[in-house]
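A.B. asks: Provided herewith: run39.json, JSON, C-alpha atoms and all ligand atoms.
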```
[["chain", "number", "residue", "atom", "x", "y", "z"],
["A", 1304, "MET", "CA", -18.52, -56.51, -23.91],
["A", 1305, "GLY", "CA", -15.39, -55.90, -21.86],
["A", 1306, "ALA", "CA", -16.00, -59.01, -19.79],
["A", 1307, "GLU", "CA", -16.16, -61.18, -22.90],
["A", 1308, "ASN", "CA", -12.65, -60.17, -23.88],
["A", 1309, "GLN", "CA", -11.23, -61.03, -20.50],
["A", 1310, "TYR", "CA", -10.16, -64.51, -21.67],
["A", 1311, "PHE", "CA", -8.69, -63.36, -24.92],
["A", 1312, "ILE", "CA", -5.43, -64.55, -26.47],
["A", 1313, "PRO", "CA", -4.03, -62.06, -28.97],
["A", 1314, "LEU", "CA", -2.64, -63.75, -32.08],
["A", 1315, "SER", "CA", -0.24, -61.89, -34.30],
["A", 1316, "GLU", "CA", 1.63, -62.96, -37.40],
["A", 1317, "LYS", "CA", 4.62, -61.19, -35.89],
["A", 1318, "GLN", "CA", 4.71, -63.32, -32.76],
["A", 1319, "THR", "CA", 7.96, -65.10, -32.00],
["A", 1320, "GLY", "CA", 8.70, -67.52, -29.20],
["A", 1321, "VAL", "CA", 6.26, -68.65, -26.55],
["A", 1322, "LEU", "CA", 3.93, -66.21, -24.83],
["A", 1323, "SER", "CA", 2.36, -67.08, -21.47],
["A", 1324, "TYR", "CA", -1.03, -66.04, -20.16],
["A", 1325, "ASN", "CA", -2.54, -66.58, -16.78],
["A", 1326, "PHE", "CA", -6.24, -66.40, -15.96],
["A", 1327, "LYS", "CA", -7.89, -66.60, -12.58],
["A", 1328, "LEU", "CA", -11.27, -68.32, -12.84],
["A", 1329, "SER", "CA", -13.84, -67.58, -10.16],
["A", 1330, "ASP", "CA", -17.64, -67.94, -10.01],
["A", 1331, "SER", "CA", -18.02, -64.98, -12.39],
["A", 1332, "PHE", "CA", -16.15, -66.90, -15.11],
["A", 1333, "PHE", "CA", -18.85, -69.61, -15.02],
["A", 1334, "GLU", "CA", -21.74, -67.16, -14.61],
["A", 1335, "GLU", "CA", -20.75, -65.35, -17.81],
["A", 1336, "LEU", "CA", -20.93, -68.57, -19.84],
["A", 1337, "GLU", "CA", -24.59, -68.99, -20.74],
["A", 1338, "ASP", "CA", -24.54, -72.72, -21.48],
["A", 1339, "ALA", "CA", -22.31, -73.75, -18.61],
["A", 1340, "GLU", "CA", -23.66, -76.52, -16.40],
["A", 1341, "ILE", "CA", -20.94, -75.88, -13.86],
["A", 1342, "LYS", "CA", -21.77, -72.65, -12.05],
["A", 1343, "LYS", "CA", -19.04, -72.24, -9.46],
["A", 1344, "GLY", "CA", -15.33, -72.77, -9.24],
["A", 1345, "ASP", "CA", -11.97, -71.45, -8.21],
["A", 1346, "LEU", "CA", -9.20, -72.27, -10.63],
["A", 1347, "VAL", "CA", -6.14, -70.96, -12.39],
["A", 1348, "ALA", "CA", -5.57, -71.44, -16.11],
["A", 1349, "ASP", "CA", -2.04, -71.12, -17.45],
["A", 1350, "ILE", "CA", -1.87, -70.87, -21.21],
["A", 1351, "GLU", "CA", 1.20, -70.94, -23.39],
["A", 1352, "CYS", "CA", 0.91, -69.78, -26.96],
["A", 1353, "GLU", "CA", 3.51, -70.79, -29.50],
["A", 1354, "LYS", "CA", 3.49, -69.83, -33.15],
["A", 1355, "VAL", "CA", 4.42, -72.80, -35.33],
["A", 1356, "SER", "CA", 4.67, -71.74, -38.99],
["A", 1357, "SER", "CA", 1.25, -70.22, -39.66],
["A", 1358, "SER", "CA", -0.55, -71.93, -36.73],
["A", 1359, "PHE", "CA", -0.77, -71.01, -33.09],
["A", 1360, "HIS", "CA", -0.40, -73.85, -30.63],
["A", 1361, "LEU", "CA", -2.13, -73.17, -27.34],
["A", 1362, "HIS", "CA", -1.28, -75.36, -24.37],
["A", 1363, "PHE", "CA", -3.70, -75.19, -21.43],
["A", 1364, "ASN", "CA", -2.87, -76.14, -17.87],
["A", 1365, "ILE", "CA", -5.81, -75.80, -15.50],
["A", 1366, "GLU", "CA", -5.73, -76.41, -11.74],
["A", 1367, "GLY", "CA", -8.23, -75.79, -8.98],
["A", 1368, "SER", "CA", -11.69, -76.99, -8.07],
["A", 1369, "VAL", "CA", -15.32, -76.59, -9.07],
["A", 1370, "LEU", "CA", -18.50, -76.81, -7.00],
["A", 1371, "ILE", "CA", -21.01, -79.27, -8.44],
["A", 1372, "PRO", "CA", -23.99, -81.25, -7.09],
["A", 1373, "CYS", "CA", -23.03, -84.59, -5.52],
["A", 1374, "ASP", "CA", -24.50, -87.62, -7.32],
["A", 1375, "ARG", "CA", -25.58, -89.19, -4.05],
["A", 1376, "CYS", "CA", -27.15, -86.30, -2.10],
["A", 1377, "LEU", "CA", -27.34, -83.41, -4.62],
["A", 1378, "ASP", "CA", -25.66, -80.98, -2.21],
["A", 1379, "ASP", "CA", -22.76, -79.01, -3.65],
["A", 1380, "MET", "CA", -19.40, -80.74, -3.40],
["A", 1381, "GLU", "CA", -15.90, -79.64, -4.26],
["A", 1382, "GLN", "CA", -14.44, -81.48, -7.22],
["A", 1383, "PRO", "CA", -10.68, -81.01, -7.70],
["A", 1384, "ILE", "CA", -9.66, -80.26, -11.27],
["A", 1385, "SER", "CA", -6.21, -80.81, -12.74],
["A", 1386, "THR", "CA", -6.09, -80.98, -16.49],
["A", 1387, "GLU", "CA", -4.19, -80.06, -19.62],
["A", 1388, "GLY", "CA", -5.35, -79.45, -23.15],
["A", 1389, "GLU", "CA", -4.21, -78.41, -26.58],
["A", 1390, "LEU", "CA", -5.79, -76.12, -29.11],
["A", 1391, "ILE", "CA", -4.43, -75.22, -32.53],
["A", 1392, "VAL", "CA", -5.66, -71.95, -34.01],
["A", 1393, "ARG", "CA", -5.33, -71.04, -37.66],
["A", 1394, "PHE", "CA", -6.36, -67.98, -39.61],
["A", 1395, "GLY", "CA", -8.59, -68.42, -42.62],
["A", 1396, "GLU", "CA", -11.12, -71.05, -43.54],
["A", 1397, "GLY", "CA", -10.75, -74.75, -43.34],
["A", 1398, "ASN", "CA", -12.32, -78.00, -42.42],
["A", 1399, "ASP", "CA", -10.46, -80.08, -39.95],
["A", 1400, "THR", "CA", -11.81, -83.28, -38.48],
["A", 1401, "ASN", "CA", -9.60, -82.70, -35.46],
["A", 1402, "GLU", "CA", -11.80, -80.92, -32.91],
["A", 1403, "ASN", "CA", -8.73, -79.32, -31.37],
["A", 1404, "VAL", "CA", -8.14, -77.26, -34.50],
["A", 1405, "VAL", "CA", -10.02, -73.97, -34.77],
["A", 1406, "TYR", "CA", -10.17, -71.56, -37.69],
["A", 1407, "ILE", "CA", -10.77, -67.87, -37.16],
["A", 1408, "PRO", "CA", -11.33, -65.09, -39.73],
["A", 1409, "GLU", "CA", -8.20, -63.35, -41.09],
["A", 1410, "ASN", "CA", -9.24, -60.01, -39.64],
["A", 1411, "GLU", "CA", -9.52, -61.25, -36.02],
["A", 1412, "GLN", "CA", -6.94, -60.03, -33.53],
["A", 1413, "GLY", "CA", -7.00, -63.20, -31.50],
["A", 1414, "ILE", "CA", -9.35, -65.68, -29.90],
["A", 1415, "ASP", "CA", -11.69, -65.75, -26.91],
["A", 1416, "ILE", "CA", -10.84, -69.04, -25.20],
["A", 1417, "SER", "CA", -13.35, -68.91, -22.32],
["A", 1418, "TRP", "CA", -15.46, -71.76, -23.75],
["A", 1419, "ASN", "CA", -12.36, -73.84, -24.52],
["A", 1420, "ILE", "CA", -11.21, -73.46, -20.93],
["A", 1421, "TYR", "CA", -14.69, -74.44, -19.75],
["A", 1422, "GLU", "CA", -14.74, -77.57, -21.91],
["A", 1423, "PHE", "CA", -11.36, -78.73, -20.61],
["A", 1424, "ILE", "CA", -12.67, -78.29, -17.06],
["A", 1425, "ALA", "CA", -15.99, -80.04, -17.77],
["A", 1426, "LEU", "CA", -14.19, -82.99, -19.40],
["A", 1427, "ASN", "CA", -12.10, -83.41, -16.26],
["A", 1428, "VAL", "CA", -15.15, -83.90, -14.01],
["A", 1429, "PRO", "CA", -15.58, -87.65, -13.42],
["A", 1430, "MET", "CA", -18.86, -89.27, -14.55],
["A", 1431, "ARG", "CA", -19.62, -90.22, -10.96],
["A", 1432, "HIS", "CA", -18.75, -87.61, -8.38],
["A", 1433, "ILE", "CA", -19.73, -87.99, -4.74],
["A", 1434, "HIS", "CA", -18.75, -86.54, -1.39],
["A", 1435, "PRO", "CA", -16.08, -88.36, 0.58],
["A", 1436, "GLU", "CA", -17.62, -91.08, 2.80],
["A", 1437, "GLY", "CA", -19.70, -89.57, 5.60],
["A", 1438, "MET", "CA", -19.80, -86.06, 4.11],
["A", 1439, "CYS", "CA", -23.13, -86.38, 2.30],
["A", 1440, "ASN", "CA", -26.35, -84.73, 3.34],
["A", 1441, "GLN", "CA", -27.54, -87.91, 5.10],
["A", 1442, "GLU", "CA", -31.27, -87.20, 5.04],
["A", 1443, "MET", "CA", -31.28, -86.36, 1.35],
["A", 1444, "ALA", "CA", -29.03, -89.30, 0.46],
["A", 1445, "LYS", "CA", -31.38, -91.67, 2.32],
["A", 1446, "ARG", "CA", -34.42, -90.27, 0.54],
["A", 1447, "LEU", "CA", -32.79, -90.56, -2.88],
["A", 1448, "ALA", "CA", -31.55, -94.08, -2.12],
["A", 1449, "THR", "CA", -35.12, -95.11, -1.21],
["A", 1450, "LEU", "CA", -36.40, -93.72, -4.48],
["A", 1451, "MET", "CA", -33.74, -95.63, -6.40],
["A", 1452, "THR", "CA", -34.49, -98.89, -4.56],
["A", 1453, "ASN", "CA", -38.21, -98.61, -5.29],
["A", 1454, "GLY", "CA", -37.42, -98.16, -8.93],
["A", 1455, "ASP", "CA", -35.25, -101.29, -8.90],
["A", 1456, "GLU", "CA", -38.00, -103.37, -7.28],
["A", 1457, "GLU", "CA", -40.41, -102.43, -10.01],
["A", 1458, "LEU", "CA", -37.90, -103.52, -12.61],
["A", 1459, "ASN", "CA", -37.39, -106.86, -10.83],
["A", 1460, "ASP", "CA", -41.15, -107.45, -10.77],
["A", 1461, "ASN", "CA", -41.22, -107.07, -14.54],
["A", 1462, "ASP", "CA", -38.35, -109.50, -14.90],
["A", 1463, "THR", "CA", -40.14, -112.08, -12.77],
["A", 1464, "ALA", "CA", -43.28, -111.70, -14.84],
["A", 1465, "SER", "CA", -41.43, -112.30, -18.09],
["A", 1466, "SER", "CA", -39.62, -115.36, -16.75],
["A", 1467, "LYS", "CA", -42.97, -116.86, -15.69],
["A", 1468, "GLU", "CA", -43.99, -116.66, -19.31],
["A", 1469, "GLY", "CA", -41.22, -119.08, -20.07],
["A", 1470, "ASN", "CA", -38.08, -117.17, -20.88],
["A", 1471, "HIS", "CA", -35.47, -119.94, -21.00],
["A", 1472, "ASP", "CA", -32.67, -117.65, -22.08],
["A", 1473, "THR", "CA", -32.25, -116.20, -18.62],
["A", 1474, "ASP", "CA", -28.97, -116.88, -16.92],
["A", 1475, "PRO", "CA", -29.68, -119.73, -14.42],
["A", 1476, "ARG", "CA", -27.60, -117.95, -11.77],
["A", 1477, "TRP", "CA", -29.88, -114.96, -12.09],
["A", 1478, "ASN", "CA", -32.93, -117.18, -11.55],
["A", 1479, "ALA", "CA", -31.34, -118.71, -8.47],
["A", 1480, "LEU", "CA", -30.81, -115.20, -7.15],
["A", 1481, "LYS", "CA", -34.43, -114.30, -7.77],
["A", 1482, "ASN", "CA", -35.62, -117.40, -5.96],
["A", 1483, "LEU", "CA", -33.52, -116.44, -3.01],
["A", 1484, "LYS", "CA", -35.16, -113.04, -2.94],
["A", 1485, "LEU", "CA", -38.66, -114.55, -3.05],
["A", 1486, "GLU", "CA", -38.10, -116.84, -0.08],
["A", 1501, "ZN", "ZN", -23.14, -86.03, -1.20]]
```
Could you show the structure in this file as structure tokens?
Ligand SMILES: [Zn+2]
C.D. replies:
Amino acid sequence: MGAENQYFIPLSEKQTGVLSYNFKLSDSFFEELEDAEIKKGDLVADIECEKVSSSFHLHFNIEGSVLIPCDRCLDDMEQPISTEGELIVRFGEGNDTNENVVYIPENEQGIDISWNIYEFIALNVPMRHIHPEGMCNQEMAKRLATLMTNGDEELNDNDTASSKEGNHDTDPRWNALKNLKLE
């Protein structure tokens, strides 16, 4: 249980001013999160907590890198992370359409923000992430590229079949391209 409270921000009605927290995130941070797709990383999260009337405004600043599989060769690659995020925490019950607003029970002493930190990191990973040119596992990248190309050829065959059946809606430039391929 102790580990779960490691990324805990205490929230007190008596708080005044801005309080700062600093968390070091290593592989164990990711391992403890059951649903985390990212498994490895080395980052620092700086969090500032300001009480604004009855809400707590948390500002996240996260810097470092995570290790994730490369899209091209599936080997681990280092993805730099530099991101900021906001979270507003309120005591009590409420429905807020803003996903950055969180309600916690009155009797809580604060909030575990490990999953919030994780989400900010995960959102900062680009959709397509690949090794720098020349750094891929060449053999694996070649194999995967061959698989992809085969898949494309099958798709093209289907397209050709449907155009033979008289699909006049096809872009003429596309047909010209197909004819080129057939020659
Ligand atoms: Zn790669």
A.B. asks: Which residue, A:Asn1364, A:Ser1315, A:Asn1410, A:Asn1453, has the smallest gap to Ser1385 (chain A) when you use only C-alpha atoms?
C.D. replies: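 The closest residue to Ser1385 (chain A) is A:Asn1364.
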A.B. asks: Report as a ChimeraX atom specification which protein, DNA and RNA residues come within 9 Å of ligand ZN 1501 (chain A), using all atoms listed in the file.
C.D. replies: /A:1372-1380,1432-1441,1443-1444
A.B. asks: Between CA of Lys1343 (chain A) and CA of Gln1382 (chain A), measure the distance and give it in Å to one decimal.
C.D. replies: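 Interatomic distance, CA of Lys1343 (chain A) to CA of Gln1382 (chain A): 10.6 Å.
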A.B. asks: For Ser1417 (chain A), which residue out of A:Glu1335, A:Glu1387, A:Glu1442, A:Glu1396 is the nearest one, using all atoms listed in the file?
C.D. replies: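 Nearest candidate to Ser1417 (chain A) out of A:Glu1335, A:Glu1387, A:Glu1442, A:Glu1396: A:Glu1335.
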A.B. asks: Compare A:Val1369, A:Ile1350, A:Ile1416, A:Leu1426 by their minimum atom-to-atom distance to Leu1322 (chain A), counting all atoms listed in the file, and give me the closest one.
C.D. replies: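 Closest residue, counting all atoms listed in the file: A:Ile1350.
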A.B. asks: For Leu1328 (chain A), find every residue with an atom within 12 Å (counting only C-alpha atoms), except residues of its own chain fewer than 5 positions away, and show them as an NGL selection string.
C.D. replies: :A and (1309-1310 or 1333-1336 or 1342-1349 or 1365-1369 or 1417 or 1420-1421 or 1424)
A.B. asks: Which distance in Å separates CA of Leu1450 (chain A) and CA of Glu1340 (chain A), to one decimal?
C.D. replies: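 So the answer is 24.5 Å.
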A.B. asks: Quick one: residues within 12 Å of Thr1319 (chain A), only C-alpha atoms, excluding same-chain residues fewer than 4 positions away - as a list in words?
C.D. replies: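 Residues meeting the cut-off are Leu1314, Ser1315, Cys1352, Glu1353, Lys1354, Val1355, Ser1356, Ser1357, Ser1358 and Phe1359 of chain A.
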A.B. asks: Find the distance between CA of Leu1361 (chain A) and CA of Tyr1324 (chain A) and write it in Å to one decimal.
C.D. replies: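 Distance reported for this atom pair: 10.2 Å.
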A.B. asks: Edge lengths and centre in Å to one decimal, as lines of an AutoDock Vina configuration file, of the axis-aligned box that encloses all listed atoms of region 1326-1329 of chain A with 5 Å added on every side?
C.D. replies:
```
center_x = -10.0
center_y = -67.4
center_z = -13.1
size_x = 17.6
size_y = 11.9
size_z = 15.8
```
A.B. asks: Closest to Glu1351 (chain A) among A:Pro1429, A:Gly1413, A:Pro1383, A:Gly1320, using all atoms listed in the file?
C.D. replies: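 The closest residue to Glu1351 (chain A) is A:Gly1320.
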